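The data block below is run11.txt; it holds compact mmCIF, C-alpha atoms.
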# COMPACT_ATOMS: atom_id res chain seq x y z
CA MET A 1053 29.11 -71.32 -29.01
CA LYS A 1054 32.02 -68.91 -29.15
CA LYS A 1055 30.19 -66.87 -31.81
CA ARG A 1056 27.03 -66.72 -29.67
CA LEU A 1057 29.11 -65.64 -26.63
CA GLY A 1058 30.72 -62.88 -28.70
CA VAL A 1059 27.32 -61.54 -29.77
CA ILE A 1060 26.11 -61.54 -26.16
CA LEU A 1061 29.19 -59.56 -25.02
CA VAL A 1062 28.70 -56.98 -27.76
CA VAL A 1063 25.04 -56.52 -26.78
CA LEU A 1064 25.97 -56.15 -23.12
CA ALA A 1065 28.61 -53.58 -23.99
CA MET A 1066 26.05 -51.57 -25.97
CA ILE A 1067 23.62 -51.64 -23.02
CA VAL A 1068 26.33 -50.39 -20.65
CA VAL A 1069 27.23 -47.54 -23.02
CA ASN A 1070 23.58 -46.53 -23.41
CA VAL A 1071 22.96 -46.57 -19.65
CA ALA A 1072 26.11 -44.54 -19.03
CA GLY A 1073 25.02 -42.07 -21.67
CA CYS A 1074 21.59 -41.64 -20.06
CA SER A 1075 23.18 -41.03 -16.64
CA SER A 1076 25.51 -38.40 -18.06
CA THR A 1077 22.65 -36.55 -19.73
CA GLU A 1078 20.61 -36.47 -16.50
CA THR A 1079 23.56 -35.13 -14.52
CA THR A 1080 24.18 -32.36 -17.07
CA SER A 1081 20.49 -31.44 -17.02
CA ASP A 1082 20.48 -31.23 -13.22
CA THR A 1083 23.58 -29.05 -13.30
CA ARG A 1084 21.92 -26.64 -15.72
CA ASP A 1085 18.94 -26.32 -13.36
CA VAL A 1086 21.11 -25.17 -10.46
CA ILE A 1087 21.32 -21.40 -10.03
CA LYS A 1088 24.76 -20.01 -9.24
CA ALA A 1089 24.83 -16.96 -7.00
CA GLY A 1090 27.93 -14.85 -6.37
CA PHE A 1091 28.71 -13.04 -3.10
CA ILE A 1092 31.40 -10.36 -2.87
CA TYR A 1093 32.73 -9.44 0.60
CA VAL A 1094 34.93 -6.51 1.59
CA GLY A 1095 36.50 -8.53 4.42
CA PRO A 1096 36.88 -12.17 5.47
CA ALA A 1097 33.73 -14.25 5.77
CA ASP A 1098 34.53 -14.94 9.43
CA ASP A 1099 35.27 -11.34 10.45
CA GLY A 1100 32.90 -11.56 13.43
CA GLY A 1101 30.87 -8.72 11.93
CA TRP A 1102 29.49 -7.44 8.64
CA SER A 1103 30.82 -9.98 6.14
CA GLN A 1104 30.07 -12.81 8.55
CA ALA A 1105 26.45 -11.63 8.82
CA HIS A 1106 26.14 -11.80 5.03
CA ASP A 1107 27.82 -15.18 4.90
CA GLN A 1108 25.48 -16.57 7.53
CA GLY A 1109 22.58 -15.30 5.42
CA ARG A 1110 24.08 -16.90 2.33
CA ALA A 1111 24.52 -20.25 4.07
CA LYS A 1112 20.95 -20.22 5.38
CA MET A 1113 19.68 -19.35 1.91
CA VAL A 1114 21.49 -22.37 0.47
CA GLU A 1115 19.92 -24.53 3.18
CA ASN A 1116 16.46 -23.07 2.52
CA LEU A 1117 16.66 -23.68 -1.23
CA GLY A 1118 18.13 -27.16 -0.99
CA GLY A 1119 19.86 -28.25 -4.18
CA LYS A 1120 18.51 -25.37 -6.26
CA VAL A 1121 21.49 -23.06 -5.72
CA GLU A 1122 25.27 -23.11 -5.55
CA THR A 1123 27.25 -20.10 -4.37
CA ILE A 1124 30.55 -18.50 -5.31
CA VAL A 1125 32.16 -16.43 -2.56
CA LYS A 1126 34.99 -13.92 -2.93
CA GLU A 1127 36.41 -12.41 0.27
CA ASN A 1128 38.61 -9.35 0.91
CA VAL A 1129 37.71 -7.57 -2.32
CA PRO A 1130 39.01 -3.96 -2.35
CA GLU A 1131 36.52 -1.14 -2.87
CA GLU A 1132 38.09 -0.29 -6.20
CA LYS A 1133 36.18 -0.37 -9.47
CA SER A 1134 38.75 -2.51 -11.27
CA ALA A 1135 38.86 -5.10 -8.49
CA VAL A 1136 35.06 -5.34 -8.34
CA ILE A 1137 34.70 -5.70 -12.11
CA SER A 1138 37.44 -8.32 -12.26
CA THR A 1139 35.75 -10.31 -9.49
CA ILE A 1140 32.39 -10.12 -11.24
CA ARG A 1141 33.85 -11.25 -14.58
CA ASP A 1142 35.34 -14.27 -12.86
CA MET A 1143 32.00 -15.11 -11.24
CA VAL A 1144 30.16 -14.77 -14.55
CA ASP A 1145 32.74 -17.05 -16.17
CA GLN A 1146 31.88 -19.60 -13.48
CA GLY A 1147 28.20 -19.36 -14.36
CA ALA A 1148 26.81 -16.88 -11.81
CA THR A 1149 23.45 -15.48 -12.87
CA ILE A 1150 22.89 -13.28 -9.80
CA ILE A 1151 25.63 -11.47 -7.89
CA PHE A 1152 25.36 -9.74 -4.51
CA GLY A 1153 27.88 -7.00 -3.67
CA THR A 1154 27.89 -6.37 0.07
CA SER A 1155 29.82 -3.14 0.59
CA PHE A 1156 28.99 0.47 -0.26
CA GLY A 1157 32.25 1.02 -2.15
CA PHE A 1158 31.40 -1.73 -4.66
CA MET A 1159 28.70 0.44 -6.23
CA ASP A 1160 30.52 1.98 -9.19
CA GLY A 1161 32.11 -1.31 -10.20
CA MET A 1162 28.79 -3.13 -10.01
CA ALA A 1163 27.04 -0.44 -12.06
CA GLU A 1164 29.63 -0.80 -14.83
CA ALA A 1165 29.52 -4.59 -14.70
CA ALA A 1166 25.73 -4.50 -14.94
CA LYS A 1167 26.10 -2.78 -18.31
CA GLU A 1168 28.67 -5.33 -19.44
CA PHE A 1169 26.50 -8.30 -18.44
CA PRO A 1170 22.86 -7.34 -19.10
CA ASP A 1171 21.64 -10.92 -18.64
CA VAL A 1172 23.08 -11.20 -15.13
CA LYS A 1173 21.14 -9.91 -12.10
CA PHE A 1174 23.01 -7.69 -9.64
CA GLU A 1175 22.12 -6.61 -6.11
CA HIS A 1176 24.12 -3.99 -4.21
CA CYS A 1177 23.85 -3.64 -0.44
CA SER A 1178 23.55 -0.06 0.91
CA GLY A 1179 23.99 1.72 -2.44
CA TYR A 1180 21.64 3.85 -4.53
CA THR A 1181 22.57 3.23 -8.17
CA THR A 1182 20.05 1.08 -10.06
CA ALA A 1183 19.46 -0.31 -13.55
CA ASP A 1184 17.10 -2.84 -15.11
CA ASN A 1185 19.42 -5.61 -13.90
CA LEU A 1186 20.81 -3.84 -10.81
CA GLY A 1187 18.84 -3.45 -7.58
CA THR A 1188 19.74 -2.25 -4.09
CA TYR A 1189 18.95 -3.56 -0.63
CA PHE A 1190 19.47 -2.48 2.95
CA GLY A 1191 17.71 -2.53 6.30
CA LYS A 1192 16.56 0.09 8.77
CA ILE A 1193 19.36 -0.74 11.17
CA GLU A 1194 18.66 2.58 12.90
CA GLU A 1195 15.73 0.83 14.64
CA PRO A 1196 17.81 -1.69 16.63
CA ARG A 1197 20.60 0.91 16.91
CA TYR A 1198 18.16 3.13 18.80
CA LEU A 1199 17.35 0.20 21.09
CA SER A 1200 21.03 -0.51 21.69
CA GLY A 1201 21.42 3.17 22.59
CA ILE A 1202 18.89 2.67 25.38
CA VAL A 1203 21.09 -0.08 26.83
CA ALA A 1204 24.25 2.02 26.52
CA GLY A 1205 22.60 5.10 28.02
CA LEU A 1206 21.51 3.12 31.05
CA ALA A 1207 24.90 1.42 31.44
CA THR A 1208 27.26 4.40 31.33
CA LYS A 1209 28.44 5.90 34.60
CA SER A 1210 30.79 8.50 33.17
CA ASN A 1211 28.12 9.68 30.69
CA LYS A 1212 30.69 9.36 27.92
CA ILE A 1213 30.10 6.66 25.31
CA ALA A 1214 32.67 5.80 22.64
CA TYR A 1215 31.57 5.22 19.06
CA VAL A 1216 34.15 3.91 16.58
CA ALA A 1217 32.84 4.62 13.08
CA ALA A 1218 33.97 3.65 9.60
CA MET A 1219 33.10 6.14 6.87
CA PRO A 1220 31.35 9.55 7.17
CA ILE A 1221 28.54 8.60 4.78
CA PRO A 1222 24.76 8.89 5.41
CA GLU A 1223 24.43 5.21 6.36
CA VAL A 1224 26.92 5.57 9.21
CA ILE A 1225 25.82 9.07 10.23
CA ARG A 1226 22.15 8.13 10.65
CA GLY A 1227 23.22 5.05 12.60
CA ILE A 1228 25.19 7.22 15.02
CA ASN A 1229 22.25 9.62 15.33
CA ALA A 1230 19.76 6.81 15.96
CA PHE A 1231 22.03 5.37 18.66
CA ALA A 1232 22.45 8.84 20.18
CA LEU A 1233 18.68 9.38 20.29
CA GLY A 1234 18.25 6.02 22.03
CA VAL A 1235 20.83 7.08 24.61
CA LYS A 1236 19.14 10.45 25.04
CA SER A 1237 15.73 8.89 25.64
CA VAL A 1238 16.96 7.39 28.92
CA ASN A 1239 20.00 9.55 29.74
CA PRO A 1240 19.94 13.12 28.40
CA ASP A 1241 23.27 13.91 30.09
CA ALA A 1242 25.29 11.32 28.14
CA THR A 1243 27.33 12.14 25.03
CA ILE A 1244 28.36 9.94 22.12
CA ASN A 1245 32.00 10.52 21.24
CA VAL A 1246 32.83 9.62 17.65
CA SER A 1247 36.17 8.56 16.16
CA TRP A 1248 36.48 7.83 12.42
CA THR A 1249 38.71 5.09 11.05
CA ASN A 1250 37.93 5.62 7.33
CA SER A 1251 37.97 1.87 6.92
CA TRP A 1252 35.28 -0.80 7.18
CA TYR A 1253 37.68 -3.49 8.30
CA ASP A 1254 41.00 -2.68 9.93
CA PRO A 1255 41.16 -4.25 13.40
CA THR A 1256 44.39 -2.46 14.33
CA VAL A 1257 43.01 1.00 13.55
CA GLU A 1258 39.64 0.20 15.11
CA LYS A 1259 41.22 -0.95 18.35
CA ALA A 1260 43.48 2.11 18.55
CA ALA A 1261 40.49 4.41 18.05
CA ALA A 1262 38.57 2.66 20.83
CA GLU A 1263 41.55 2.80 23.18
CA ALA A 1264 41.91 6.54 22.62
CA LEU A 1265 38.24 7.17 23.41
CA ILE A 1266 38.43 5.01 26.53
CA GLN A 1267 41.45 7.02 27.68
CA GLN A 1268 39.28 10.13 27.30
CA GLY A 1269 36.82 8.77 29.86
CA CYS A 1270 34.38 6.69 27.85
CA ASP A 1271 33.17 3.67 29.81
CA VAL A 1272 30.91 2.06 27.18
CA THR A 1273 31.88 1.44 23.56
CA ALA A 1274 29.78 1.10 20.42
CA GLN A 1275 30.77 0.74 16.79
CA HIS A 1276 29.99 0.77 13.10
CA GLN A 1277 32.91 -1.45 12.11
CA ASP A 1278 33.24 -4.93 10.69
CA SER A 1279 35.50 -6.51 13.32
CA THR A 1280 35.34 -7.11 17.07
CA ALA A 1281 38.43 -4.96 17.76
CA THR A 1282 36.46 -2.20 19.51
CA MET A 1283 35.03 -4.73 21.96
CA GLU A 1284 38.46 -6.26 22.46
CA ALA A 1285 39.78 -2.84 23.50
CA ALA A 1286 36.89 -2.53 25.95
CA ARG A 1287 37.68 -5.95 27.41
CA GLU A 1288 41.30 -5.03 28.02
CA ALA A 1289 40.20 -1.80 29.72
CA GLY A 1290 37.44 -3.41 31.79
CA LYS A 1291 34.63 -1.51 30.05
CA LEU A 1292 31.29 -2.56 28.55
CA SER A 1293 30.36 -2.80 24.87
CA ILE A 1294 27.60 -2.65 22.31
CA GLY A 1295 28.55 -4.72 19.27
CA TYR A 1296 27.38 -4.68 15.67
CA ASP A 1297 26.50 -7.07 12.82
CA SER A 1298 27.04 -10.41 14.57
CA SER A 1299 26.55 -11.55 18.16
CA ALA A 1300 29.60 -11.56 20.43
CA ALA A 1301 27.80 -13.07 23.41
CA THR A 1302 29.95 -16.18 23.19
CA SER A 1303 33.23 -14.72 21.94
CA LEU A 1304 33.36 -11.67 24.23
CA PRO A 1305 31.09 -12.43 27.19
CA GLU A 1306 33.14 -10.22 29.52
CA VAL A 1307 32.01 -6.99 27.83
CA TYR A 1308 29.13 -7.69 25.45
CA MET A 1309 25.68 -6.33 26.37
CA THR A 1310 23.87 -6.57 23.04
CA ALA A 1311 24.11 -5.47 19.39
CA PRO A 1312 22.07 -4.39 16.39
CA LEU A 1313 22.12 -7.45 14.13
CA TRP A 1314 21.39 -8.36 10.52
CA ASP A 1315 19.57 -11.42 9.23
CA PHE A 1316 19.93 -11.50 5.45
CA SER A 1317 18.75 -15.09 5.06
CA GLY A 1318 15.14 -14.32 4.21
CA TYR A 1319 16.06 -11.63 1.72
CA TYR A 1320 18.66 -13.79 -0.03
CA THR A 1321 16.26 -16.72 -0.17
CA ASP A 1322 13.48 -14.61 -1.71
CA ARG A 1323 15.71 -12.96 -4.31
CA VAL A 1324 17.42 -16.15 -5.49
CA GLN A 1325 14.05 -17.90 -5.60
CA ALA A 1326 12.83 -15.05 -7.80
CA VAL A 1327 15.67 -15.76 -10.23
CA ILE A 1328 14.72 -19.43 -10.23
CA ASP A 1329 11.07 -18.53 -10.86
CA GLY A 1330 11.92 -15.98 -13.54
CA THR A 1331 10.19 -13.21 -11.57
CA TRP A 1332 13.23 -11.18 -10.44
CA THR A 1333 13.01 -7.43 -11.07
CA SER A 1334 15.24 -4.55 -10.01
CA ASP A 1335 14.12 -3.09 -6.69
CA GLN A 1336 15.25 -0.71 -3.93
CA TYR A 1337 14.57 -2.66 -0.76
CA TRP A 1338 14.77 -1.06 2.69
CA GLY A 1339 13.18 -3.27 5.32
CA GLY A 1340 12.86 -2.85 9.06
CA MET A 1341 12.40 -4.87 12.23
CA ASN A 1342 8.93 -5.95 11.13
CA ASP A 1343 10.55 -7.65 8.11
CA GLY A 1344 13.10 -9.47 10.26
CA ILE A 1345 16.13 -8.22 8.31
CA VAL A 1346 17.31 -6.20 11.35
CA LEU A 1347 16.94 -6.99 15.04
CA LEU A 1348 18.45 -6.41 18.46
CA ASP A 1349 20.38 -9.32 19.92
CA THR A 1350 19.49 -10.82 23.28
CA ILE A 1351 20.41 -8.46 26.13
CA THR A 1352 22.99 -10.10 28.38
CA ALA A 1353 23.24 -10.04 32.15
CA LEU A 1354 25.94 -7.33 31.93
CA ALA A 1355 23.30 -4.75 30.98
CA PRO A 1356 21.43 -2.87 33.73
CA GLY A 1357 18.44 -4.78 35.05
CA VAL A 1358 15.95 -2.14 33.90
CA ALA A 1359 17.21 -2.25 30.30
CA GLN A 1360 15.10 -5.18 29.12
CA ALA A 1361 11.77 -3.64 30.05
CA GLN A 1362 12.62 -0.30 28.47
CA VAL A 1363 13.87 -1.97 25.30
CA ASP A 1364 10.73 -4.12 25.13
CA THR A 1365 8.52 -1.04 25.36
CA ALA A 1366 10.46 0.78 22.65
CA THR A 1367 10.53 -2.32 20.42
CA LYS A 1368 6.74 -2.61 20.56
CA ALA A 1369 6.40 1.09 19.73
CA ILE A 1370 8.77 0.83 16.75
CA LYS A 1371 6.95 -2.19 15.37
CA ASP A 1372 3.47 -0.69 15.74
CA GLY A 1373 4.59 2.61 14.25
CA SER A 1374 4.03 4.76 17.33
CA LEU A 1375 7.78 5.39 17.68
CA ILE A 1376 9.51 6.78 14.60
CA ILE A 1377 13.20 7.26 15.35
CA PHE A 1378 13.80 10.57 13.63
CA THR A 1379 10.79 12.52 14.92
CA GLY A 1380 11.20 16.14 16.02
CA GLU A 1381 12.07 18.26 17.62
CA LEU A 1382 15.63 17.39 16.68
CA LYS A 1383 18.53 19.82 16.87
CA ASP A 1384 21.98 19.44 15.39
CA GLN A 1385 25.29 20.15 17.12
CA THR A 1386 24.95 23.91 16.47
CA GLY A 1387 21.50 24.08 18.04
CA THR A 1388 19.76 24.46 14.70
CA VAL A 1389 16.40 22.72 14.50
CA ARG A 1390 16.67 20.07 11.81
CA VAL A 1391 13.33 18.37 12.40
CA THR A 1392 10.47 20.39 13.85
CA ALA A 1393 8.33 19.17 16.74
CA GLY A 1394 5.70 16.66 15.74
CA SER A 1395 7.17 15.98 12.30
CA ALA A 1396 9.31 13.10 11.09
CA ILE A 1397 12.22 13.13 8.69
CA THR A 1398 11.55 11.63 5.26
CA ASP A 1399 13.24 8.48 4.01
CA GLU A 1400 14.99 10.58 1.36
CA ALA A 1401 16.42 12.91 4.01
CA GLN A 1402 17.61 9.94 6.03
CA LEU A 1403 19.39 8.52 3.00
CA SER A 1404 21.31 11.80 2.57
CA MET A 1405 21.82 12.67 6.26
CA ASP A 1406 24.92 14.81 6.78
CA TRP A 1407 24.52 16.22 10.29
CA PHE A 1408 24.82 15.02 13.90
CA VAL A 1409 22.19 15.36 16.62
CA ASP A 1410 23.14 17.55 19.55
CA ASN A 1411 24.39 14.89 21.99
CA VAL A 1412 27.07 13.68 19.55
CA VAL A 1413 30.64 14.90 20.05
CA GLY A 1414 32.76 14.78 16.92
CA THR A 1415 33.03 16.16 13.41
CA LEU A 1416 31.90 14.91 10.01
CA GLN A 1417 35.44 14.55 8.71

Encoded form (structure tokens):
Amino acid sequence: MKKRLGVILVVLAMIVVNVAGCSSTETTSDTRDVIKAGFIYVGPADDGGWSQAHDQGRAKMVENLGGKVETIVKENVPEEKSAVISTIRDMVDQGATIIFGTSFGFMDGMAEAAKEFPDVKFEHCSGYTTADNLGTYFGKIEEPRYLSGIVAGLATKSNKIAYVAAMPIPEVIRGINAFALGVKSVNPDATINVSWTNSWYDPTVEKAAAEALIQQGCDVTAQHQDSTATMEAAREAGKLSIGYDSSAATSLPEVYMTAPLWDFSGYYTDRVQAVIDGTWTSDQYWGGMNDGIVLLDTITALAPGVAQAQVDTATKAIKDGSLIIFTGELKDQTGTVRVTAGSAITDEAQLSMDWFVDNVVGTLQ
């Protein structure tokens, strides 16, 4: 009896080991099937602006793809080649097979890393360098910027609008120009007064720049910055604001009228799914409002009552192609005609824009 009991225990032990072994193999297999995607941010993921917009898109992508993807996030990465490459190496070590770099200054580091890791897919937001495993993506944010300019142009009483801007690169310049043209379409007497911070995310500098412009008579603020500091300066001064990147309707209801927003969720979902499907290829994506990657936020009650109807009309025209933002005649600050009447600027010229339209006050420093 004891011998028979011993045999039974041995058999049971073998069954347990075999079952445990099968479970371990299935878990490992599932893990291998999960794509790991890396996201590199220039600021904190909850900055209330640019990085937060990307992180919201990342989170929605994870939700859309269920258990097919895990993400690795690195915040506050300096725009220095060595820092970008080091971050990418760490992500690759963790198993990332596609990496998204979300700031213009990451471009050189990503290009070098793409050579080092030819089997990894890379996507760079707002850049122009490409390779077989390195694509670029951005949106035509100038479309909702134009719409936000309509709101600002109707709201200003002093006809002086503040614009706190990050870097004097084509992306920021064409955004300022699009905003200025939106303002001009409803208020040709208003000027857009630009102050550069030379930083994407520095709330202290951003707020000081906004305060200085407000002291110069600006009664509406706008921005191309990653934080809410410009709007906070407006709140303290009792002025109105146009935001950027993420909605501030809840966080700054005292000043917020609307903002040009990003929705990266669809793009991130499509590109990670392409990696899963084995169909990913390098591309240079530049989508507009019809694609849903850019949009204007809901217009709040602080905006003039006539703003909604005028924005709705312009939105319809942009989407059906009857309103092209950079259509002539357009003059620069010196009075020189940059775009002749009846013609529209090319995409290539937009991507290298280095001049201000004539209702912008400020220099390209």

| task | Considering only C-alpha atoms, state which residue in the set A:Thr1280, A:Thr1321, A:Ser1247, A:Gln1402 is at the smallest distance from A:Ile1266. | result | A:Ser1247

| query | What lies within 9 Å of A:Gly1100 using all atoms listed in the file, ignoring chain neighbours under 6 positions off, as a PyMOL selection string? | reply | chain A and resi 1278-1280+1297-1300

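Using only C-alpha atoms, the residues found no farther than 6 Å from A:Ala1242, other than those of its own chain fewer than 2 positions away, are Asn1211, Lys1212, Asn1239 and Pro1240 of chain A.
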
At a cut-off of 6 Å around the point (34.6, 1.7, 11.8) (file coordinates), what residues fall inside when counting all atoms listed in the file? I'd like the answer as a PDB file with C-alpha atoms, in the coordinates of the input.
ATOM      1  CA  VAL A1216      34.150   3.910  16.580  1.00  0.00           C
ATOM      2  CA  ALA A1217      32.840   4.620  13.080  1.00  0.00           C
ATOM      3  CA  ALA A1218      33.970   3.650   9.600  1.00  0.00           C
ATOM      4  CA  THR A1249      38.710   5.090  11.050  1.00  0.00           C
ATOM      5  CA  SER A1251      37.970   1.870   6.920  1.00  0.00           C
ATOM      6  CA  TRP A1252      35.280  -0.800   7.180  1.00  0.00           C
ATOM      7  CA  HIS A1276      29.990   0.770  13.100  1.00  0.00           C
ATOM      8  CA  GLN A1277      32.910  -1.450  12.110  1.00  0.00           C
TER       9      GLN A1277
END
